[in-house]
file target.cif (mmCIF, C-alpha atoms and all ligand atoms; chains and numbers go by the auth columns)
data_entry
loop_
_atom_site.group_PDB
_atom_site.id
_atom_site.type_symbol
_atom_site.label_atom_id
_atom_site.label_comp_id
_atom_site.label_asym_id
_atom_site.label_seq_id
_atom_site.Cartn_x
_atom_site.Cartn_y
_atom_site.Cartn_z
_atom_site.B_iso_or_equiv
_atom_site.auth_seq_id
_atom_site.auth_asym_id
ATOM 1 C CA MET A 1 -22.620 -19.464 136.636 0.00 2 A
ATOM 2 C CA SER A 2 -24.820 -20.529 139.544 0.00 3 A
ATOM 3 C CA GLU A 3 -26.829 -23.621 140.335 0.00 4 A
ATOM 4 C CA HIS A 4 -29.932 -21.696 139.317 0.00 5 A
ATOM 5 C CA ASP A 5 -28.864 -21.565 135.692 0.00 6 A
ATOM 6 C CA LEU A 6 -30.947 -24.576 134.837 0.00 7 A
ATOM 7 C CA GLN A 7 -34.674 -24.095 134.627 0.00 8 A
ATOM 8 C CA THR A 8 -36.166 -24.310 138.097 0.00 9 A
ATOM 9 C CA PRO A 9 -39.587 -25.889 138.586 0.00 10 A
ATOM 10 C CA ALA A 10 -42.133 -23.198 137.809 0.00 11 A
ATOM 11 C CA GLU A 11 -43.669 -21.660 140.905 0.00 12 A
ATOM 12 C CA GLY A 12 -45.505 -19.188 138.716 0.00 13 A
ATOM 13 C CA ALA A 13 -45.967 -19.982 135.068 0.00 14 A
ATOM 14 C CA ASP A 14 -44.398 -16.699 133.942 0.00 15 A
ATOM 15 C CA ARG A 15 -41.315 -16.772 136.143 0.00 16 A
ATOM 16 C CA ARG A 16 -37.832 -17.746 135.096 0.00 17 A
ATOM 17 C CA PRO A 17 -34.388 -17.490 136.652 0.00 18 A
ATOM 18 C CA CYS A 18 -32.261 -14.522 135.670 0.00 19 A
ATOM 19 C CA PRO A 19 -29.403 -15.829 133.491 0.00 20 A
ATOM 20 C CA TYR A 20 -26.969 -13.523 135.305 0.00 21 A
ATOM 21 C CA CYS A 21 -27.809 -13.802 139.020 0.00 22 A
ATOM 22 C CA GLY A 22 -30.252 -16.722 139.161 0.00 23 A
ATOM 23 C CA GLU A 23 -32.994 -14.845 140.987 0.00 24 A
ATOM 24 C CA ALA A 24 -36.567 -15.531 139.878 0.00 25 A
ATOM 25 C CA ILE A 25 -37.834 -12.744 137.649 0.00 26 A
ATOM 26 C CA ARG A 26 -40.861 -12.224 135.432 0.00 27 A
ATOM 27 C CA ALA A 27 -40.562 -14.055 132.114 0.00 28 A
ATOM 28 C CA GLU A 28 -41.360 -10.945 130.107 0.00 29 A
ATOM 29 C CA ALA A 29 -38.988 -8.718 132.108 0.00 30 A
ATOM 30 C CA ILE A 30 -36.520 -6.815 129.956 0.00 31 A
ATOM 31 C CA LYS A 31 -34.281 -5.918 132.895 0.00 32 A
ATOM 32 C CA CYS A 32 -33.486 -7.969 136.010 0.00 33 A
ATOM 33 C CA ARG A 33 -34.631 -6.148 139.157 0.00 34 A
ATOM 34 C CA HIS A 34 -32.073 -8.006 141.296 0.00 35 A
ATOM 35 C CA CYS A 35 -28.825 -7.402 139.442 0.00 36 A
ATOM 36 C CA GLY A 36 -29.954 -4.795 136.903 0.00 37 A
ATOM 37 C CA GLU A 37 -28.691 -6.746 133.847 0.00 38 A
ATOM 38 C CA ARG A 38 -30.520 -6.152 130.602 0.00 39 A
ATOM 39 C CA LEU A 39 -32.270 -9.239 129.258 0.00 40 A
ATOM 40 C CA GLU A 40 -33.070 -10.037 125.641 0.00 41 A
ATOM 41 C CA GLY A 41 -36.626 -8.903 125.174 0.00 42 A
ATOM 42 C CA GLY A 42 -37.990 -11.242 127.831 0.00 43 A
ATOM 43 C CA LYS A 43 -37.468 -14.360 125.706 0.00 44 A
ATOM 44 C CA ARG A 44 -37.166 -17.679 127.476 0.00 45 A
ATOM 45 C CA PRO A 45 -33.858 -19.539 126.903 0.00 46 A
ATOM 46 C CA ARG A 46 -35.781 -22.517 125.545 0.00 47 A
ATOM 47 C CA GLY A 47 -37.698 -20.412 123.062 0.00 48 A
ATOM 48 C CA GLN A 48 -34.446 -18.816 121.968 0.00 49 A
ATOM 49 C CA ALA A 49 -32.894 -22.219 121.302 0.00 50 A
ATOM 50 C CA SER A 50 -35.830 -23.454 119.255 0.00 51 A
ATOM 51 C CA GLN A 51 -35.809 -20.180 117.344 0.00 52 A
ATOM 52 C CA GLN A 52 -32.153 -20.802 116.447 0.00 53 A
ATOM 53 C CA ILE A 53 -32.995 -24.356 115.400 0.00 54 A
ATOM 54 C CA GLU A 54 -35.874 -23.161 113.275 0.00 55 A
ATOM 55 C CA GLN A 55 -33.726 -20.475 111.663 0.00 56 A
ATOM 56 C CA ALA A 56 -30.978 -22.934 110.731 0.00 57 A
ATOM 57 C CA ALA A 57 -33.571 -25.416 109.479 0.00 58 A
ATOM 58 C CA THR A 58 -35.305 -22.805 107.329 0.00 59 A
ATOM 59 C CA LEU A 59 -31.963 -21.623 105.912 0.00 60 A
ATOM 60 C CA SER A 60 -31.103 -25.229 105.134 0.00 61 A
ATOM 61 C CA LEU A 61 -34.337 -25.678 103.196 0.00 62 A
ATOM 62 C CA VAL A 62 -33.893 -22.365 101.354 0.00 63 A
ATOM 63 C CA PHE A 63 -30.282 -23.177 100.415 0.00 64 A
ATOM 64 C CA GLY A 64 -31.390 -26.672 99.416 0.00 65 A
ATOM 65 C CA LEU A 65 -34.084 -25.349 97.091 0.00 66 A
ATOM 66 C CA ILE A 66 -31.789 -22.714 95.581 0.00 67 A
ATOM 67 C CA SER A 67 -29.027 -25.259 95.059 0.00 68 A
ATOM 68 C CA LEU A 68 -31.424 -27.635 93.344 0.00 69 A
ATOM 69 C CA LEU A 69 -33.132 -25.045 91.146 0.00 70 A
ATOM 70 C CA VAL A 70 -30.572 -22.289 90.578 0.00 71 A
ATOM 71 C CA CYS A 71 -27.004 -23.038 91.515 0.00 72 A
ATOM 72 C CA GLN A 72 -25.581 -26.267 92.911 0.00 73 A
ATOM 73 C CA CYS A 73 -22.812 -24.280 94.597 0.00 74 A
ATOM 74 C CA LEU A 74 -25.131 -23.733 97.601 0.00 75 A
ATOM 75 C CA ALA A 75 -25.586 -27.456 98.236 0.00 76 A
ATOM 76 C CA PRO A 76 -22.829 -27.670 100.888 0.00 77 A
ATOM 77 C CA LEU A 77 -24.449 -24.742 102.740 0.00 78 A
ATOM 78 C CA ALA A 78 -27.795 -26.565 102.800 0.00 79 A
ATOM 79 C CA ILE A 79 -26.136 -29.647 104.287 0.00 80 A
ATOM 80 C CA ILE A 80 -24.125 -27.590 106.795 0.00 81 A
ATOM 81 C CA LYS A 81 -27.206 -25.671 107.957 0.00 82 A
ATOM 82 C CA GLY A 82 -29.249 -28.873 108.146 0.00 83 A
ATOM 83 C CA ASN A 83 -26.581 -30.492 110.300 0.00 84 A
ATOM 84 C CA GLU A 84 -26.391 -27.365 112.453 0.00 85 A
ATOM 85 C CA ALA A 85 -30.147 -27.456 113.057 0.00 86 A
ATOM 86 C CA ALA A 86 -29.983 -31.149 113.931 0.00 87 A
ATOM 87 C CA ARG A 87 -27.064 -30.527 116.308 0.00 88 A
ATOM 88 C CA LEU A 88 -28.842 -27.627 118.033 0.00 89 A
ATOM 89 C CA ALA A 89 -32.020 -29.689 118.311 0.00 90 A
ATOM 90 C CA ALA A 90 -30.120 -32.580 119.868 0.00 91 A
ATOM 91 C CA ALA A 91 -28.370 -30.236 122.295 0.00 92 A
ATOM 92 C CA SER A 92 -31.639 -28.798 123.565 0.00 93 A
ATOM 93 C CA ARG A 93 -33.496 -32.112 123.349 0.00 94 A
ATOM 94 C CA GLU A 94 -35.987 -30.941 120.789 0.00 95 A
ATOM 95 C CA PRO A 95 -37.105 -32.838 117.689 0.00 96 A
ATOM 96 C CA THR A 96 -35.173 -32.043 114.519 0.00 97 A
ATOM 97 C CA PRO A 97 -37.430 -29.938 112.294 0.00 98 A
ATOM 98 C CA GLY A 98 -38.555 -31.565 109.050 0.00 99 A
ATOM 99 C CA THR A 99 -37.306 -28.544 107.146 0.00 100 A
ATOM 100 C CA ALA A 100 -33.735 -29.272 108.280 0.00 101 A
ATOM 101 C CA THR A 101 -33.960 -32.850 107.019 0.00 102 A
ATOM 102 C CA ALA A 102 -35.574 -31.682 103.773 0.00 103 A
ATOM 103 C CA GLY A 103 -32.851 -29.074 103.249 0.00 104 A
ATOM 104 C CA LYS A 104 -30.136 -31.646 103.857 0.00 105 A
ATOM 105 C CA VAL A 105 -31.751 -34.114 101.443 0.00 106 A
ATOM 106 C CA LEU A 106 -32.082 -31.396 98.774 0.00 107 A
ATOM 107 C CA GLY A 107 -28.415 -30.514 99.316 0.00 108 A
ATOM 108 C CA TRP A 108 -27.376 -34.132 98.828 0.00 109 A
ATOM 109 C CA ILE A 109 -29.550 -34.454 95.722 0.00 110 A
ATOM 110 C CA SER A 110 -27.884 -31.360 94.257 0.00 111 A
ATOM 111 C CA LEU A 111 -24.456 -32.792 95.031 0.00 112 A
ATOM 112 C CA ALA A 112 -25.470 -36.081 93.431 0.00 113 A
ATOM 113 C CA ILE A 113 -26.584 -34.206 90.314 0.00 114 A
ATOM 114 C CA VAL A 114 -23.231 -32.416 90.174 0.00 115 A
ATOM 115 C CA GLY A 115 -21.384 -35.695 90.687 0.00 116 A
ATOM 116 C CA LEU A 116 -23.422 -37.452 88.007 0.00 117 A
ATOM 117 C CA SER A 117 -22.986 -34.698 85.453 0.00 118 A
ATOM 118 C CA VAL A 118 -19.243 -34.642 86.083 0.00 119 A
ATOM 119 C CA LEU A 119 -19.186 -38.413 85.579 0.00 120 A
ATOM 120 C CA VAL A 120 -21.295 -38.186 82.414 0.00 121 A
ATOM 121 C CA TYR A 121 -19.264 -35.318 80.916 0.00 122 A
ATOM 122 C CA GLY A 122 -16.044 -37.029 81.909 0.00 123 A
ATOM 123 C CA GLY A 123 -17.253 -40.258 80.358 0.00 124 A
ATOM 124 C CA VAL A 124 -18.326 -38.553 77.125 0.00 125 A
ATOM 125 C CA ILE A 125 -15.032 -36.675 76.821 0.00 126 A
ATOM 126 C CA ALA A 126 -13.008 -39.787 77.587 0.00 127 A
ATOM 127 C CA PHE A 127 -15.027 -41.767 75.060 0.00 128 A
ATOM 128 C CA ALA A 128 -14.582 -39.072 72.419 0.00 129 A
ATOM 129 C CA LEU A 129 -10.827 -38.950 73.041 0.00 130 A
ATOM 130 C CA VAL A 130 -10.468 -42.717 72.903 0.00 131 A
ATOM 131 C CA ALA A 131 -12.657 -43.003 69.810 0.00 132 A
ATOM 132 C CA GLY A 132 -10.851 -40.092 68.166 0.00 133 A
ATOM 133 C CA THR A 133 -7.322 -41.441 68.668 0.00 134 A
ATOM 134 C CA ALA A 134 -8.099 -45.076 68.078 0.00 135 A
ATOM 135 C CA GLY A 135 -10.339 -44.877 65.033 0.00 136 A
ATOM 136 C CA GLY A 136 -8.993 -41.801 63.220 0.00 137 A
ATOM 137 C CA GLY A 137 -12.629 -40.649 63.194 0.00 138 A
ATOM 138 C CA PRO A 138 -14.476 -38.001 61.193 0.00 139 A
ATOM 139 C CA GLY A 139 -12.899 -35.159 63.207 0.00 140 A
ATOM 140 C CA GLY A 140 -9.520 -35.466 61.504 0.00 141 A
ATOM 141 C CA ALA A 141 -10.723 -36.055 57.974 0.00 142 A
ATOM 142 C CA GLY A 142 -11.876 -32.497 57.302 0.00 143 A
ATOM 143 C CA SER A 143 -8.752 -30.978 55.799 0.00 144 A
HETATM 144 ZN ZN ZN B . -30.338 -10.827 137.702 0.00 201 A
#
call {"tool": "encode", "arguments": {"input": "target.cif", "output": "structure tokens", "more": "lines below"}}
Ligand SMILES: [Zn+2]
result
Amino acid sequence: MSEHDLQTPAEGADRRPCPYCGEAIRAEAIKCRHCGERLEGGKRPRGQASQQIEQAATLSLVFGLISLLVCQCLAPLAIIKGNEAARLAAASREPTPGTATAGKVLGWISLAIVGLSVLVYGGVIAFALVAGTAGGGPGGAGS
């Protein structure tokens, strides 16, 4: 780690510090000419971070939609990915993508649906049990 790790003021628009030695290198360089380290396809660190944010946000939305439409078991994943995107965005001081918020909301809606149906089923079963034992209802009169 050197003091050049943070982004230096751009002297040329397509220059950036090498993440390994801190020397200024071309932004699209795939290999540092000062220390010889291989770089990741010439991506800027900032772009990489926002790509990660976007990926987590998109996953959150996808999981959210799937959990709402197909299987509620993915709802926690939607919320986790949405939170991850928000955390990454906060860490790199970028706005939280709308897709992350949407995914999180969809995840919570799915969880609410699960919670409600459990309550409803539980209520119906409890009611049936109470009614059955208390009233000696039609269920027992068959034989
Ligand atoms: Zn270097």
call {"tool": "residues_around", "arguments": {"input": "target.cif", "residues": "Gly83 (chain A)", "least_positions_apart": "3", "cutoff": "10 Å", "atoms": "only C-alpha atoms", "output": "JSON, numbers by chain"}}
result
{"A": [54, 57, 58, 59, 60, 61, 62, 64, 65, 77, 78, 79, 80, 86, 87, 88, 89, 97, 98, 99, 100, 101, 102, 103, 104, 105, 106, 108]}
call {"tool": "residues_near_ligand", "arguments": {"input": "target.cif", "ligand": "ligand ZN 201 (chain A)", "cutoff": "6 Å", "atoms": "all atoms listed in the file", "output": "short mmCIF file (atom, residue, chain, number, x, y, z; two decimals) with C-alpha atoms, in the coordinates of the input"}}
result
data_model
loop_
_atom_site.label_atom_id
_atom_site.label_comp_id
_atom_site.auth_asym_id
_atom_site.auth_seq_id
_atom_site.Cartn_x
_atom_site.Cartn_y
_atom_site.Cartn_z
CA CYS A 19 -32.26 -14.52 135.67
CA TYR A 21 -26.97 -13.52 135.30
CA CYS A 22 -27.81 -13.80 139.02
CA GLU A 24 -32.99 -14.84 140.99
CA CYS A 33 -33.49 -7.97 136.01
CA HIS A 35 -32.07 -8.01 141.30
CA CYS A 36 -28.82 -7.40 139.44
CA GLU A 38 -28.69 -6.75 133.85
#
call {"tool": "resolve_selection", "arguments": {"input": "target.cif", "expression": "the PyMOL selection byres (((chain A and resi 112-119) around 10) and not hetatm)", "output": "PDB file with C-alpha atoms, keeping the file's coordinate frame"}}
result
ATOM      1  CA  SER A  68     -29.027 -25.259  95.059  1.00  0.00           C
ATOM      2  CA  LEU A  69     -31.424 -27.635  93.344  1.00  0.00           C
ATOM      3  CA  GLN A  73     -25.581 -26.267  92.911  1.00  0.00           C
ATOM      4  CA  CYS A  74     -22.812 -24.280  94.597  1.00  0.00           C
ATOM      5  CA  LEU A  75     -25.131 -23.733  97.601  1.00  0.00           C
ATOM      6  CA  ALA A  76     -25.586 -27.456  98.236  1.00  0.00           C
ATOM      7  CA  PRO A  77     -22.829 -27.670 100.888  1.00  0.00           C
ATOM      8  CA  ILE A  80     -26.136 -29.647 104.287  1.00  0.00           C
ATOM      9  CA  VAL A 106     -31.751 -34.114 101.443  1.00  0.00           C
ATOM     10  CA  LEU A 107     -32.082 -31.396  98.774  1.00  0.00           C
ATOM     11  CA  GLY A 108     -28.415 -30.514  99.316  1.00  0.00           C
ATOM     12  CA  TRP A 109     -27.376 -34.132  98.828  1.00  0.00           C
ATOM     13  CA  ILE A 110     -29.550 -34.454  95.722  1.00  0.00           C
ATOM     14  CA  SER A 111     -27.884 -31.360  94.257  1.00  0.00           C
ATOM     15  CA  LEU A 120     -19.186 -38.413  85.579  1.00  0.00           C
ATOM     16  CA  VAL A 121     -21.295 -38.186  82.414  1.00  0.00           C
ATOM     17  CA  TYR A 122     -19.264 -35.318  80.916  1.00  0.00           C
ATOM     18  CA  GLY A 123     -16.044 -37.029  81.909  1.00  0.00           C
ATOM     19  CA  GLY A 124     -17.253 -40.258  80.358  1.00  0.00           C
ATOM     20  CA  VAL A 125     -18.326 -38.553  77.125  1.00  0.00           C
TER      21      VAL A 125
END
call {"tool": "atom_distance", "arguments": {"input": "target.cif", "atom1": "CA of Ala90 (chain A)", "atom2": "CA of Gln52 (chain A)"}}
result
10.3 Å
call {"tool": "axis_aligned_box", "arguments": {"input": "target.cif", "around": "region 119-128 of chain A", "padding_each_side": "3 Å", "output": "JSON"}}
result
{"center_x": -17.2, "center_y": -38.2, "center_z": 80.6, "size_x": 14.3, "size_y": 13.1, "size_z": 17.0}
call {"tool": "atom_distance", "arguments": {"input": "target.cif", "atom1": "CA of Leu40 (chain A)", "atom2": "CA of Pro20 (chain A)"}}
result
8.3 Å
call {"tool": "closest_residue", "arguments": {"input": "target.cif", "among": "A:Ala135, A:Arg17, A:Ala25, A:Ser51", "to": "Ala91 (chain A)", "atoms": "all atoms listed in the file"}}
result
A:Ser51
call {"tool": "atom_distance", "arguments": {"input": "target.cif", "atom1": "CA of Val63 (chain A)", "atom2": "CA of Ile81 (chain A)"}}
result
12.3 Å
call {"tool": "build_atoms", "arguments": {"input": "target.cif", "residues": "region 72-93 of chain A", "atoms": "N, CA and C atoms", "output": "mmCIF file, in the coordinates of the input"}}
result
data_model
loop_
_atom_site.group_PDB
_atom_site.id
_atom_site.type_symbol
_atom_site.label_atom_id
_atom_site.label_comp_id
_atom_site.auth_asym_id
_atom_site.auth_seq_id
_atom_site.Cartn_x
_atom_site.Cartn_y
_atom_site.Cartn_z
ATOM 1 N N CYS A 72 -28.448 -22.874 91.559
ATOM 2 C CA CYS A 72 -27.004 -23.038 91.515
ATOM 3 C C CYS A 72 -26.583 -24.102 92.524
ATOM 4 N N GLN A 73 -25.974 -25.163 92.038
ATOM 5 C CA GLN A 73 -25.581 -26.267 92.911
ATOM 6 C C GLN A 73 -24.485 -25.885 93.907
ATOM 7 N N CYS A 74 -23.907 -24.680 93.723
ATOM 8 C CA CYS A 74 -22.812 -24.280 94.597
ATOM 9 C C CYS A 74 -23.298 -24.082 96.033
ATOM 10 N N LEU A 75 -24.617 -23.938 96.247
ATOM 11 C CA LEU A 75 -25.131 -23.733 97.601
ATOM 12 C C LEU A 75 -25.437 -25.051 98.318
ATOM 13 N N ALA A 76 -25.256 -26.166 97.639
ATOM 14 C CA ALA A 76 -25.586 -27.456 98.236
ATOM 15 C C ALA A 76 -24.847 -27.719 99.552
ATOM 16 N N PRO A 77 -23.526 -27.439 99.610
ATOM 17 C CA PRO A 77 -22.829 -27.670 100.888
ATOM 18 C C PRO A 77 -23.418 -26.842 102.021
ATOM 19 N N LEU A 78 -23.850 -25.599 101.707
ATOM 20 C CA LEU A 78 -24.449 -24.742 102.740
ATOM 21 C C LEU A 78 -25.730 -25.364 103.271
ATOM 22 N N ALA A 79 -26.548 -25.932 102.380
ATOM 23 C CA ALA A 79 -27.795 -26.565 102.800
ATOM 24 C C ALA A 79 -27.506 -27.712 103.767
ATOM 25 N N ILE A 80 -26.483 -28.504 103.436
ATOM 26 C CA ILE A 80 -26.136 -29.647 104.287
ATOM 27 C C ILE A 80 -25.574 -29.165 105.623
ATOM 28 N N ILE A 81 -24.717 -28.126 105.565
ATOM 29 C CA ILE A 81 -24.125 -27.590 106.795
ATOM 30 C C ILE A 81 -25.213 -27.050 107.715
ATOM 31 N N LYS A 82 -26.141 -26.251 107.141
ATOM 32 C CA LYS A 82 -27.206 -25.671 107.957
ATOM 33 C C LYS A 82 -28.138 -26.751 108.499
ATOM 34 N N GLY A 83 -28.409 -27.771 107.694
ATOM 35 C CA GLY A 83 -29.249 -28.873 108.146
ATOM 36 C C GLY A 83 -28.619 -29.603 109.319
ATOM 37 N N ASN A 84 -27.300 -29.837 109.208
ATOM 38 C CA ASN A 84 -26.581 -30.492 110.300
ATOM 39 C C ASN A 84 -26.574 -29.613 111.540
ATOM 40 N N GLU A 85 -26.416 -28.294 111.323
ATOM 41 C CA GLU A 85 -26.391 -27.365 112.453
ATOM 42 C C GLU A 85 -27.726 -27.407 113.206
ATOM 43 N N ALA A 86 -28.823 -27.399 112.434
ATOM 44 C CA ALA A 86 -30.147 -27.456 113.057
ATOM 45 C C ALA A 86 -30.316 -28.752 113.843
ATOM 46 N N ALA A 87 -29.856 -29.855 113.259
ATOM 47 C CA ALA A 87 -29.983 -31.149 113.931
ATOM 48 C C ALA A 87 -29.147 -31.171 115.213
ATOM 49 N N ARG A 88 -27.947 -30.555 115.140
ATOM 50 C CA ARG A 88 -27.064 -30.527 116.308
ATOM 51 C C ARG A 88 -27.681 -29.675 117.433
ATOM 52 N N LEU A 89 -28.209 -28.505 117.056
ATOM 53 C CA LEU A 89 -28.842 -27.627 118.033
ATOM 54 C C LEU A 89 -30.052 -28.311 118.663
ATOM 55 N N ALA A 90 -30.831 -29.001 117.811
ATOM 56 C CA ALA A 90 -32.020 -29.689 118.311
ATOM 57 C C ALA A 90 -31.628 -30.779 119.303
ATOM 58 N N ALA A 91 -30.572 -31.518 118.976
ATOM 59 C CA ALA A 91 -30.120 -32.580 119.868
ATOM 60 C C ALA A 91 -29.622 -31.994 121.182
ATOM 61 N N ALA A 92 -28.927 -30.854 121.096
ATOM 62 C CA ALA A 92 -28.370 -30.236 122.295
ATOM 63 C C ALA A 92 -29.462 -29.764 123.238
ATOM 64 N N SER A 93 -30.571 -29.289 122.693
ATOM 65 C CA SER A 93 -31.639 -28.798 123.565
ATOM 66 C C SER A 93 -32.795 -29.788 123.648
#
